[in-house]
Amino acid sequence: MEWEFTLLLLVNGILIGLMYALIALGFVLVYKATDAINFAQGEFVMSAGIIAAVVVAASTSFFLGVVVALAAMVLFSFLLERVMLRPLLGRPIVAVIMATIGLAALLRGLLPLVFGAGTRPISLPEFIGEEPIALGPVMLQPVQLVGAGVSILFLAGFSWFFLKSRMGIAMRAVADNQQVAMAMGINVERYFALAWAMAGIVSALGGVVWGSMLGVDVHLALVGLKVFPVVILGGLDSIIGAVVGGLIIGIVENLAAGYIDPYVGGGTKDFAPYVVMIIALMIRPYGIFGKRKIERV
Amino acid sequence: MFHRESGIFKTTYAADMALYPLPIAKATVAVIAAAVVLLPFVLGALMPALSANYYLSIINLIFIAIVGALGLNILVGYTGQISIGHAAFMSVGAYTAANLAVRWDLPFWITLPAGGLMAALIGAVVGIPSLRIKGLYLAIATLAGQLIIEWTINHVPAISGGAQASIEVPKPHLFGYEFKTQGQLYFFLLFFVALAIVATLNLVRSRIGRAFVAIRDQDIAAEIIGINIYRYKLLAFAISSFYAGVTGVLYTYYLGIANYEQFQIVVSIDYLAMIIIGGLGSVLGSVLGAIFVTLLPIAITWIVESLGTLVFEMQQIQHVVSNVRVITFGLLIIVFLVLEPEGLNRLWRNIRNYFRVWPFSY
């Protein structure tokens with residue numbers, strides 16, 4: 001019984017961890033290309049979830065919901081980059097952090113006001129089914145499997161994009177040194193916009209996946225709080241780091257919830273990732289795969 | 001205020017750094033002090049006791065916010081270290097004071113500094129990562145501090161007093177005199193606000209304050225010119241947390257209850273908004289920001305409740321108010337950051353400079 005319980009926690013942790021990685025990816029993409037920090041990642045996910053839920057409920061077509069959410073988030077990210085983040089270029093880091101915190105508040109107030117505050121479901125298309133799939137002693141929720149599958153697909157896709165494609169290489173150049181990239185004839189502003197659009201895509205997928213698992217309301221934004229331990233652990237500018245960080249945090253939080261919660265009365269799930277993060281910050285502040293920055297006076 | 005400084009030539013650094021930049025500033029301060037002391041009596045004379053009490057309670061909340069905003073500005077505005085955990089340090093101060101006041105029956109002039117010192121200690125511990133990391137990493141580390149402190153207080157009955165994590169505290173009293181009504185609490189809080197403002201003004205023009213500014217501008221360069229940045233960064237965290245702890249204690253005495261719900265992460269963001277809207281690295285900015293952010297939700301509630309019935313149904317109003325508040329808040333932070341990064345403080349300076357040379361353009 002004991003090892004089965006552990007196995008269940010581990011498998012659940014891995015699946016959840018992959019879904020965390022998907023959201024963390026949005027954060028990493030933006031930071032990698034533009035050096036901007038997005039404290040509103042959770043709210044992006046929430047917004048996408050709400051939009052998808054509203055469209056799915058209105059049209060009864062799951063795929064239409066996904067497409068509309070994707071389009072809306074990409075458009076929104078483009079706009080955001082133009083209106084808010086471009087004027088903040090070159091300003092102290094606290095300015096960007098606070099601006100995205102302000103944006104987070106804005107989204108958290110605006111969307112429930114427009115669409116109503118109730119919890120909505122996003123029902124997956126019928127062929128996925130709702131019956132848990134038994135795999136030996138472990139029961140798996142189809143929703144989680146779909147989420148993990150989407151995550152793996154996109155993580156692999158973005159890895160290929162950055163390593164092999166011409167645009168991905170240009171984006172890495174922009175991230176490395178904006179001035180030199182400009183001198184090499186790369187249109188830096190276009191790549192900034194592209195990075196935000198990609199973050200929008202990832203957030204939209206995250207919103208649909210998490211929304212179909214948890215249901216969509218304002219609390220979906222709390223998923224964003226888990227992004228920080230994941231990216232700090234993995235390294236802020238590393239895609240593979242987002243995956244590894246996501247897996248570690250997913251497993252840690254499930255094991256902690258399974259073994260410690262009965263003794264302290266709940267809440268360990270939100271608490272344990274941050275303890276792990278603090279330890280990581282003390283030992284390896286730039287993360288497992290992060291790039292160490294050298295500072296000049 | 002509005003005056004022209006002709007015939008005053010500062011010839012020493014000491015004169016340039018003086019607390020009163022001009023002789024007339026003493027008169028300005030005296031006028032403001034007299035106005036602030038007389039305010040409750042004027043309010044009491046002008047309107048019925050009930051509404052006078054209401055306005056005083058708002059001013060009292062502003063007073064409490066000013067102390068907290070000053071503390072955060074020392075850390076973020078002057079030293080350049082980001083903290084998203086300010087409210088957690090307030091809760092440390094609040095629960096320390098509440099426990100001391102209830103269990104050992106200690107008076108406020110012991111519990112208040114004790115709460116501040118406890119917060120300073122915890123603040124310095126949370127600030128330890130700042131020795132190795134900065135910017136975003138530090139922001140997230142302080143966020144972790146906030147969540148961990150919140151969780152700990154909530155899950156340790158010895159600190160939180162068990163059910164609902166709240167402790168009731170008696171009203172403060174001094175030599176048998178009890179501060180009970182809003183008017184009495186006004187003077188109680190006013191004393192600490194004045195103390196906090198003067199202390200901050202003096203701190204930032206001292207050696208310590210100059211070291212903070214040097215660290216903010218470029219910490220490696222500061223280290224090269226001989227500032228022990230480890231010591232000063234921790235000191236900044238400790239001082240800022242001391243202010244936060246005192247804020248928490250004042251708030252606890254004001255409400256008569258210590259409750260962790262008053263010190264959640266949203267409050268940390270409120271205080272960050274205060275110093276950004278008010279102006280980073282400015283004492284006047286902290287005060288203006290505290291006033292602005294405290295009045296904002298009250299103004300929004302008032303506007304939505306009087307006009308909102310045209311658009312929304314009555315049962316929804318409460319829901320609408322809280323959402324509109326959050327939206328306005330986020331929008332204001334973004335607008336100030338993009339359009340006027342130096343905040344209300346800069347706006348005030350612009351107005352003053354315009355009138356200083358009026359009616360000439362230069």
# chains A, B, ... in the order shown; residues from 1 in each chain; ligands from 1

$ residues_around --residues "Gly256 in chain B" --least-positions-apart "3" --cutoff "10 Å" --atoms "only C-alpha atoms" --output "JSON, numbers by chain"
{"B": [98, 167, 168, 169, 170, 171, 172, 180, 250, 251, 252, 253, 259]}

$ select_by_dssp --residues "range 45-243 of chain A" --states "alpha helix (DSSP H)" --output "ChimeraX atom specification"
/A:45-59,62-80,93-115,142-163,166-176,178-183,188-214,227-234,239-243

$ atom_distance --atom1 "CA of Leu46 in chain B" --atom2 "CA of Ala30 in chain B"
23.2 Å

$ interface_residues --of "chain A" --to "chain B" --cutoff "8 Å" --atoms "only C-alpha atoms" --output "ChimeraX atom specification"
/A:37,84,87-88,93-95,97-110,112-113,228,232,264-265,267,271,274-275,278,281-282,285,297

$ atom_distance --atom1 "CA of Phe44 in chain A" --atom2 "CA of Val209 in chain A"
13.1 Å

$ residues_around --residues "Gln262 in chain B" --least-positions-apart "3" --cutoff "12 Å" --atoms "only C-alpha atoms" --output "ChimeraX atom specification"
/B:87-92,94-95,150,165-166,247-249,251-252,255,257-259,265-268,270

$ write_last_selection --atoms "N, CA and C atoms" --output "PDB file, in the first residue's frame"
ATOM      1  N   ALA B  87       3.924  43.554   3.850  1.00  0.00           N
ATOM      2  CA  ALA B  87       2.778  43.268   4.716  1.00  0.00           C
ATOM      3  C   ALA B  87       3.090  42.142   5.697  1.00  0.00           C
ATOM      4  N   ALA B  88       3.930  41.202   5.285  1.00  0.00           N
ATOM      5  CA  ALA B  88       4.278  40.098   6.178  1.00  0.00           C
ATOM      6  C   ALA B  88       5.030  40.626   7.400  1.00  0.00           C
ATOM      7  N   PHE B  89       5.891  41.620   7.187  1.00  0.00           N
ATOM      8  CA  PHE B  89       6.624  42.185   8.326  1.00  0.00           C
ATOM      9  C   PHE B  89       5.671  42.933   9.253  1.00  0.00           C
ATOM     10  N   MET B  90       4.638  43.534   8.659  1.00  0.00           N
ATOM     11  CA  MET B  90       3.621  44.170   9.496  1.00  0.00           C
ATOM     12  C   MET B  90       2.945  43.127  10.370  1.00  0.00           C
ATOM     13  N   SER B  91       2.637  41.969   9.775  1.00  0.00           N
ATOM     14  CA  SER B  91       1.950  40.945  10.564  1.00  0.00           C
ATOM     15  C   SER B  91       2.861  40.441  11.675  1.00  0.00           C
ATOM     16  N   VAL B  92       4.178  40.367  11.417  1.00  0.00           N
ATOM     17  CA  VAL B  92       5.104  39.955  12.476  1.00  0.00           C
ATOM     18  C   VAL B  92       5.011  40.931  13.643  1.00  0.00           C
ATOM     19  N   ALA B  94       2.551  42.984  14.317  1.00  0.00           N
ATOM     20  CA  ALA B  94       1.213  42.969  14.900  1.00  0.00           C
ATOM     21  C   ALA B  94       1.053  41.804  15.876  1.00  0.00           C
ATOM     22  N   TYR B  95       1.462  40.611  15.463  1.00  0.00           N
ATOM     23  CA  TYR B  95       1.254  39.444  16.329  1.00  0.00           C
ATOM     24  C   TYR B  95       2.197  39.458  17.522  1.00  0.00           C
ATOM     25  N   GLU B 150       3.162  34.232   6.197  1.00  0.00           N
ATOM     26  CA  GLU B 150       1.703  34.129   6.259  1.00  0.00           C
ATOM     27  C   GLU B 150       1.284  32.721   6.677  1.00  0.00           C
ATOM     28  N   ALA B 165      -7.220  32.784  13.731  1.00  0.00           N
ATOM     29  CA  ALA B 165      -5.924  33.448  13.732  1.00  0.00           C
ATOM     30  C   ALA B 165      -6.022  34.919  14.086  1.00  0.00           C
ATOM     31  N   SER B 166      -6.856  35.238  15.076  1.00  0.00           N
ATOM     32  CA  SER B 166      -6.927  36.645  15.453  1.00  0.00           C
ATOM     33  C   SER B 166      -6.873  36.790  16.975  1.00  0.00           C
ATOM     34  N   THR B 247       4.075  49.800  11.969  1.00  0.00           N
ATOM     35  CA  THR B 247       2.794  49.990  11.274  1.00  0.00           C
ATOM     36  C   THR B 247       1.797  48.911  11.681  1.00  0.00           C
ATOM     37  N   GLY B 248       2.296  47.664  11.708  1.00  0.00           N
ATOM     38  CA  GLY B 248       1.423  46.560  12.092  1.00  0.00           C
ATOM     39  C   GLY B 248       0.890  46.723  13.504  1.00  0.00           C
ATOM     40  N   VAL B 249       1.764  47.157  14.430  1.00  0.00           N
ATOM     41  CA  VAL B 249       1.337  47.339  15.819  1.00  0.00           C
ATOM     42  C   VAL B 249       0.294  48.450  15.899  1.00  0.00           C
ATOM     43  N   TYR B 251      -1.689  49.479  13.608  1.00  0.00           N
ATOM     44  CA  TYR B 251      -2.929  49.029  12.994  1.00  0.00           C
ATOM     45  C   TYR B 251      -3.690  48.116  13.948  1.00  0.00           C
ATOM     46  N   THR B 252      -2.932  47.255  14.643  1.00  0.00           N
ATOM     47  CA  THR B 252      -3.559  46.342  15.601  1.00  0.00           C
ATOM     48  C   THR B 252      -4.231  47.112  16.728  1.00  0.00           C
ATOM     49  N   LEU B 255      -7.364  48.896  15.317  1.00  0.00           N
ATOM     50  CA  LEU B 255      -8.526  48.039  15.098  1.00  0.00           C
ATOM     51  C   LEU B 255      -8.978  47.343  16.370  1.00  0.00           C
ATOM     52  N   ILE B 257      -7.682  44.505  17.163  1.00  0.00           N
ATOM     53  CA  ILE B 257      -7.564  43.071  16.900  1.00  0.00           C
ATOM     54  C   ILE B 257      -6.404  42.836  15.930  1.00  0.00           C
ATOM     55  N   ALA B 258      -5.661  41.761  16.180  1.00  0.00           N
ATOM     56  CA  ALA B 258      -4.609  41.379  15.240  1.00  0.00           C
ATOM     57  C   ALA B 258      -5.148  40.256  14.380  1.00  0.00           C
ATOM     58  N   ASN B 259      -5.165  40.461  13.071  1.00  0.00           N
ATOM     59  CA  ASN B 259      -5.733  39.451  12.185  1.00  0.00           C
ATOM     60  C   ASN B 259      -4.884  39.374  10.926  1.00  0.00           C
ATOM     61  N   ILE B 265      -0.844  39.451   0.836  1.00  0.00           N
ATOM     62  CA  ILE B 265       0.036  39.930  -0.226  1.00  0.00           C
ATOM     63  C   ILE B 265      -0.547  41.153  -0.937  1.00  0.00           C
ATOM     64  N   VAL B 266      -1.872  41.235  -0.976  1.00  0.00           N
ATOM     65  CA  VAL B 266      -2.522  42.393  -1.613  1.00  0.00           C
ATOM     66  C   VAL B 266      -2.068  43.684  -0.931  1.00  0.00           C
ATOM     67  N   VAL B 267      -1.898  43.609   0.392  1.00  0.00           N
ATOM     68  CA  VAL B 267      -1.494  44.798   1.139  1.00  0.00           C
ATOM     69  C   VAL B 267      -0.056  45.182   0.776  1.00  0.00           C
ATOM     70  N   SER B 268       0.796  44.184   0.604  1.00  0.00           N
ATOM     71  CA  SER B 268       2.161  44.466   0.154  1.00  0.00           C
ATOM     72  C   SER B 268       2.128  45.261  -1.145  1.00  0.00           C
ATOM     73  N   ASP B 270      -0.394  47.064  -2.262  1.00  0.00           N
ATOM     74  CA  ASP B 270      -0.905  48.404  -1.959  1.00  0.00           C
ATOM     75  C   ASP B 270       0.239  49.339  -1.578  1.00  0.00           C
TER      76      ASP B 270
END
